[in-house]
file structure19.txt (compact mmCIF, N, CA, C and O atoms)
# COMPACT_ATOMS: atom_id res chain seq x y z
N MET A 1 14.05 -14.19 -3.84
CA MET A 1 13.24 -15.37 -3.91
C MET A 1 13.16 -15.99 -2.52
O MET A 1 14.15 -16.08 -1.81
N ALA A 2 11.99 -16.43 -2.12
CA ALA A 2 11.79 -16.97 -0.78
C ALA A 2 12.68 -18.17 -0.52
O ALA A 2 13.16 -18.37 0.59
N SER A 3 12.93 -18.97 -1.54
CA SER A 3 13.78 -20.15 -1.32
C SER A 3 15.21 -19.73 -1.01
O SER A 3 15.88 -20.40 -0.21
N ASP A 4 15.71 -18.64 -1.59
CA ASP A 4 17.05 -18.15 -1.26
C ASP A 4 17.12 -17.75 0.21
O ASP A 4 18.09 -18.04 0.90
N ARG A 5 16.06 -17.12 0.68
CA ARG A 5 16.01 -16.69 2.08
C ARG A 5 16.00 -17.92 2.99
O ARG A 5 16.72 -17.97 3.99
N ARG A 6 15.23 -18.92 2.63
CA ARG A 6 15.18 -20.14 3.44
C ARG A 6 16.51 -20.87 3.44
O ARG A 6 16.95 -21.40 4.47
N ILE A 7 17.17 -20.90 2.30
CA ILE A 7 18.49 -21.55 2.21
C ILE A 7 19.48 -20.84 3.11
O ILE A 7 20.24 -21.48 3.85
N CYS A 8 19.48 -19.51 3.09
CA CYS A 8 20.39 -18.74 3.94
C CYS A 8 20.10 -18.98 5.42
O CYS A 8 21.02 -19.17 6.22
N ALA A 9 18.82 -18.99 5.78
CA ALA A 9 18.45 -19.23 7.17
C ALA A 9 18.88 -20.63 7.61
O ALA A 9 19.35 -20.82 8.74
N ALA A 10 18.73 -21.61 6.73
CA ALA A 10 19.15 -22.97 7.06
C ALA A 10 20.66 -23.06 7.24
O ALA A 10 21.15 -23.77 8.13
N ARG A 11 21.40 -22.34 6.42
CA ARG A 11 22.87 -22.33 6.56
C ARG A 11 23.28 -21.74 7.91
O ARG A 11 24.20 -22.24 8.56
N ILE A 12 22.60 -20.69 8.34
CA ILE A 12 22.89 -20.09 9.63
C ILE A 12 22.60 -21.08 10.75
O ILE A 12 23.42 -21.28 11.66
N ALA A 13 21.44 -21.73 10.68
CA ALA A 13 21.08 -22.70 11.72
C ALA A 13 22.09 -23.84 11.78
O ALA A 13 22.51 -24.26 12.86
N ARG A 14 22.48 -24.34 10.62
CA ARG A 14 23.45 -25.44 10.56
C ARG A 14 24.80 -25.00 11.14
O ARG A 14 25.42 -25.72 11.91
N ALA A 15 25.23 -23.79 10.78
CA ALA A 15 26.52 -23.29 11.28
C ALA A 15 26.48 -23.10 12.79
O ALA A 15 27.45 -23.40 13.48
N LYS A 16 25.36 -22.59 13.32
CA LYS A 16 25.23 -22.40 14.77
C LYS A 16 25.28 -23.73 15.51
O LYS A 16 25.87 -23.83 16.58
N ARG A 17 24.64 -24.75 14.93
CA ARG A 17 24.66 -26.07 15.58
C ARG A 17 26.05 -26.67 15.57
O ARG A 17 26.48 -27.27 16.55
N SER A 18 26.75 -26.53 14.45
CA SER A 18 28.06 -27.17 14.33
C SER A 18 29.14 -26.42 15.11
O SER A 18 30.08 -27.03 15.60
N ASN A 19 29.00 -25.08 15.21
CA ASN A 19 30.00 -24.30 15.95
C ASN A 19 29.34 -23.03 16.48
O ASN A 19 29.30 -22.02 15.78
N PRO A 20 28.85 -23.08 17.72
CA PRO A 20 28.15 -21.92 18.29
C PRO A 20 28.99 -20.65 18.35
O PRO A 20 28.45 -19.55 18.43
N ASP A 21 30.32 -20.78 18.30
CA ASP A 21 31.20 -19.61 18.39
C ASP A 21 31.66 -19.11 17.02
O ASP A 21 32.49 -18.19 16.95
N ALA A 22 31.16 -19.69 15.95
CA ALA A 22 31.61 -19.32 14.60
C ALA A 22 31.20 -17.89 14.26
O ALA A 22 30.19 -17.37 14.75
N ASP A 23 31.98 -17.26 13.43
CA ASP A 23 31.66 -15.92 12.92
C ASP A 23 30.66 -16.09 11.78
O ASP A 23 30.98 -16.62 10.73
N LEU A 24 29.45 -15.64 12.00
CA LEU A 24 28.36 -15.82 11.03
C LEU A 24 28.06 -14.53 10.27
O LEU A 24 27.01 -14.43 9.63
N THR A 25 28.95 -13.59 10.32
CA THR A 25 28.73 -12.28 9.71
C THR A 25 28.34 -12.40 8.24
O THR A 25 27.35 -11.80 7.80
N MET A 26 29.09 -13.17 7.48
CA MET A 26 28.81 -13.28 6.04
C MET A 26 27.48 -14.01 5.80
O MET A 26 26.74 -13.66 4.88
N LEU A 27 27.18 -15.00 6.61
CA LEU A 27 25.90 -15.71 6.46
C LEU A 27 24.73 -14.79 6.74
O LEU A 27 23.72 -14.81 6.03
N TYR A 28 24.86 -13.95 7.77
CA TYR A 28 23.79 -12.99 8.06
C TYR A 28 23.69 -11.93 6.95
O TYR A 28 22.59 -11.47 6.63
N GLN A 29 24.81 -11.57 6.37
CA GLN A 29 24.79 -10.62 5.25
C GLN A 29 24.07 -11.25 4.06
O GLN A 29 23.28 -10.58 3.39
N ASP A 30 24.35 -12.52 3.80
CA ASP A 30 23.65 -13.23 2.72
C ASP A 30 22.14 -13.28 2.97
O ASP A 30 21.34 -13.08 2.05
N LEU A 31 21.76 -13.53 4.22
CA LEU A 31 20.34 -13.58 4.56
C LEU A 31 19.68 -12.23 4.34
O LEU A 31 18.61 -12.14 3.75
N LYS A 32 20.33 -11.17 4.79
CA LYS A 32 19.76 -9.83 4.61
C LYS A 32 19.63 -9.47 3.13
O LYS A 32 18.62 -8.91 2.70
N THR A 33 20.64 -9.85 2.34
CA THR A 33 20.58 -9.59 0.90
C THR A 33 19.43 -10.36 0.26
O THR A 33 18.72 -9.83 -0.59
N ALA A 34 19.22 -11.60 0.67
CA ALA A 34 18.11 -12.40 0.15
C ALA A 34 16.77 -11.77 0.53
O ALA A 34 15.83 -11.75 -0.29
N GLN A 35 16.68 -11.24 1.74
CA GLN A 35 15.44 -10.58 2.17
C GLN A 35 15.17 -9.33 1.34
O GLN A 35 14.03 -9.08 0.91
N VAL A 36 16.20 -8.54 1.11
CA VAL A 36 16.05 -7.32 0.29
C VAL A 36 15.66 -7.68 -1.13
O VAL A 36 14.76 -7.07 -1.73
N ALA A 37 16.29 -8.71 -1.69
CA ALA A 37 15.98 -9.14 -3.05
C ALA A 37 14.52 -9.58 -3.15
O ALA A 37 13.84 -9.30 -4.15
N GLU A 38 14.03 -10.25 -2.12
CA GLU A 38 12.64 -10.69 -2.10
C GLU A 38 11.69 -9.50 -2.16
O GLU A 38 10.70 -9.51 -2.92
N VAL A 39 11.97 -8.48 -1.39
CA VAL A 39 11.12 -7.28 -1.39
C VAL A 39 11.20 -6.58 -2.75
O VAL A 39 10.17 -6.17 -3.31
N ILE A 40 12.41 -6.45 -3.29
CA ILE A 40 12.57 -5.80 -4.60
C ILE A 40 11.78 -6.55 -5.67
O ILE A 40 11.07 -5.94 -6.47
N GLU A 41 11.89 -7.88 -5.68
CA GLU A 41 11.16 -8.68 -6.67
C GLU A 41 9.66 -8.46 -6.55
O GLU A 41 8.96 -8.33 -7.56
N ARG A 42 9.15 -8.40 -5.31
CA ARG A 42 7.72 -8.21 -5.09
C ARG A 42 7.28 -6.83 -5.60
O ARG A 42 6.25 -6.70 -6.27
N VAL A 43 8.06 -5.81 -5.31
CA VAL A 43 7.70 -4.44 -5.72
C VAL A 43 7.81 -4.30 -7.24
O VAL A 43 6.91 -3.75 -7.89
N VAL A 44 8.88 -4.80 -7.82
CA VAL A 44 9.11 -4.66 -9.26
C VAL A 44 8.01 -5.37 -10.06
O VAL A 44 7.57 -4.89 -11.09
N SER A 45 7.55 -6.50 -9.55
CA SER A 45 6.54 -7.26 -10.29
C SER A 45 5.21 -6.52 -10.38
O SER A 45 4.40 -6.80 -11.28
N SER A 46 4.97 -5.59 -9.47
CA SER A 46 3.70 -4.87 -9.48
C SER A 46 3.82 -3.41 -9.91
O SER A 46 2.82 -2.70 -9.97
N ALA A 47 5.02 -2.96 -10.22
CA ALA A 47 5.24 -1.55 -10.55
C ALA A 47 5.32 -1.35 -12.06
O ALA A 47 5.71 -2.25 -12.81
N PRO A 48 4.96 -0.14 -12.52
CA PRO A 48 5.15 0.17 -13.94
C PRO A 48 6.64 0.31 -14.26
O PRO A 48 7.47 0.45 -13.34
N ILE A 49 6.97 0.28 -15.52
CA ILE A 49 8.36 0.43 -15.94
C ILE A 49 8.83 1.84 -15.59
O ILE A 49 8.20 2.82 -15.96
N PRO A 50 9.95 1.95 -14.85
CA PRO A 50 10.41 3.29 -14.46
C PRO A 50 11.08 4.04 -15.61
O PRO A 50 11.61 3.44 -16.55
N SER A 51 11.06 5.35 -15.49
CA SER A 51 11.73 6.20 -16.47
C SER A 51 13.24 6.09 -16.25
O SER A 51 13.69 5.62 -15.20
N PRO A 52 14.04 6.57 -17.21
CA PRO A 52 15.49 6.56 -17.01
C PRO A 52 15.94 7.31 -15.76
O PRO A 52 16.84 6.87 -15.05
N GLU A 53 15.28 8.43 -15.45
CA GLU A 53 15.63 9.20 -14.26
C GLU A 53 15.30 8.41 -12.99
O GLU A 53 16.08 8.39 -12.03
N GLN A 54 14.16 7.75 -12.99
CA GLN A 54 13.78 6.94 -11.84
C GLN A 54 14.74 5.76 -11.66
O GLN A 54 15.13 5.44 -10.54
N LEU A 55 15.14 5.15 -12.77
CA LEU A 55 16.10 4.06 -12.70
C LEU A 55 17.43 4.53 -12.12
O LEU A 55 18.04 3.82 -11.32
N ALA A 56 17.85 5.72 -12.52
CA ALA A 56 19.11 6.26 -12.00
C ALA A 56 19.04 6.44 -10.48
O ALA A 56 19.99 6.13 -9.76
N ARG A 57 17.90 6.93 -9.98
CA ARG A 57 17.74 7.11 -8.53
C ARG A 57 17.76 5.76 -7.81
O ARG A 57 18.36 5.62 -6.75
N LEU A 58 17.12 4.77 -8.41
CA LEU A 58 17.10 3.43 -7.80
C LEU A 58 18.50 2.80 -7.81
O LEU A 58 18.91 2.19 -6.83
N ARG A 59 19.22 2.96 -8.90
CA ARG A 59 20.59 2.43 -8.98
C ARG A 59 21.47 3.05 -7.90
O ARG A 59 22.30 2.37 -7.31
N ALA A 60 21.29 4.33 -7.67
CA ALA A 60 22.10 5.02 -6.66
C ALA A 60 21.87 4.43 -5.26
O ALA A 60 22.79 4.38 -4.44
N LEU A 61 20.69 3.94 -5.01
CA LEU A 61 20.40 3.32 -3.71
C LEU A 61 21.16 2.01 -3.53
O LEU A 61 21.45 1.61 -2.41
N LEU A 62 21.47 1.35 -4.62
CA LEU A 62 22.14 0.04 -4.54
C LEU A 62 23.65 0.13 -4.55
O LEU A 62 24.33 -0.87 -4.33
N ARG A 63 24.20 1.30 -4.81
CA ARG A 63 25.65 1.45 -4.80
C ARG A 63 26.15 1.53 -3.37
O ARG A 63 25.63 2.29 -2.56
N PRO A 64 27.17 0.75 -3.05
CA PRO A 64 27.70 0.84 -1.68
C PRO A 64 28.38 2.18 -1.46
O PRO A 64 29.03 2.72 -2.36
N GLU A 65 28.21 2.72 -0.27
CA GLU A 65 28.88 3.96 0.08
C GLU A 65 30.31 3.64 0.48
O GLU A 65 30.58 2.61 1.08
N LYS A 66 31.20 4.55 0.17
CA LYS A 66 32.59 4.38 0.57
C LYS A 66 32.75 4.97 1.96
O LYS A 66 32.37 6.10 2.22
N HIS A 67 33.30 4.16 2.85
CA HIS A 67 33.57 4.61 4.21
C HIS A 67 35.07 4.72 4.39
O HIS A 67 35.80 3.78 4.19
N ASP A 68 35.54 5.89 4.76
CA ASP A 68 36.97 6.09 4.99
C ASP A 68 37.33 6.02 6.44
O ASP A 68 36.65 6.30 7.32
call {"tool": "encode", "arguments": {"input": "structure19.txt", "output": "structure tokens"}}
result
Amino acid sequence: MASDRRICAARIARAKRSNPDADLTMLYQDLKTAQVAEVIERVVSSAPIPSPEQLARLRALLRPEKHD
């Protein structure tokens, strides 16, 4: 949702103003997640209902990879 993206961007701006040396890693991760969610929502709203096999492929894209 666009408002989630704006909220995340505002949090980053506020954090930068209050402490320019702060670790903003999690805030940037939240912003990126909000951006991805926005794209997914836009695509899903215009796409036909996927088959079970297609859903399985899409779910696999959202699973985090394990890094050793």
call {"tool": "atom_distance", "arguments": {"input": "structure19.txt", "atom1": "atom O of Cys8 of chain A", "atom2": "atom C of Gln35 of chain A"}}
result
12.4 Å
call {"tool": "atom_distance", "arguments": {"input": "structure19.txt", "atom1": "atom O of Leu31 of chain A", "atom2": "atom O of Asp4 of chain A"}}
result
6.6 Å
call {"tool": "select_by_dssp", "arguments": {"input": "structure19.txt", "residues": "chain A", "states": "helix (DSSP H, G or I)", "output": "VMD selection string"}}
result
chain A and resid 2 to 18 25 to 46 52 to 62
call {"tool": "closest_residue", "arguments": {"input": "structure19.txt", "among": "A:Val44, A:Ile49, A:Leu62, A:Ile12", "to": "Tyr28 of chain A", "atoms": "all atoms listed in the file"}}
result
A:Ile12
call {"tool": "atom_distance", "arguments": {"input": "structure19.txt", "atom1": "atom O of Leu24 of chain A", "atom2": "atom N of Leu58 of chain A"}}
result
28.1 Å
call {"tool": "closest_residue", "arguments": {"input": "structure19.txt", "among": "A:Gln29, A:Glu53, A:Ala34, A:Ala22", "to": "Arg5 of chain A", "atoms": "all atoms listed in the file"}}
result
A:Ala34
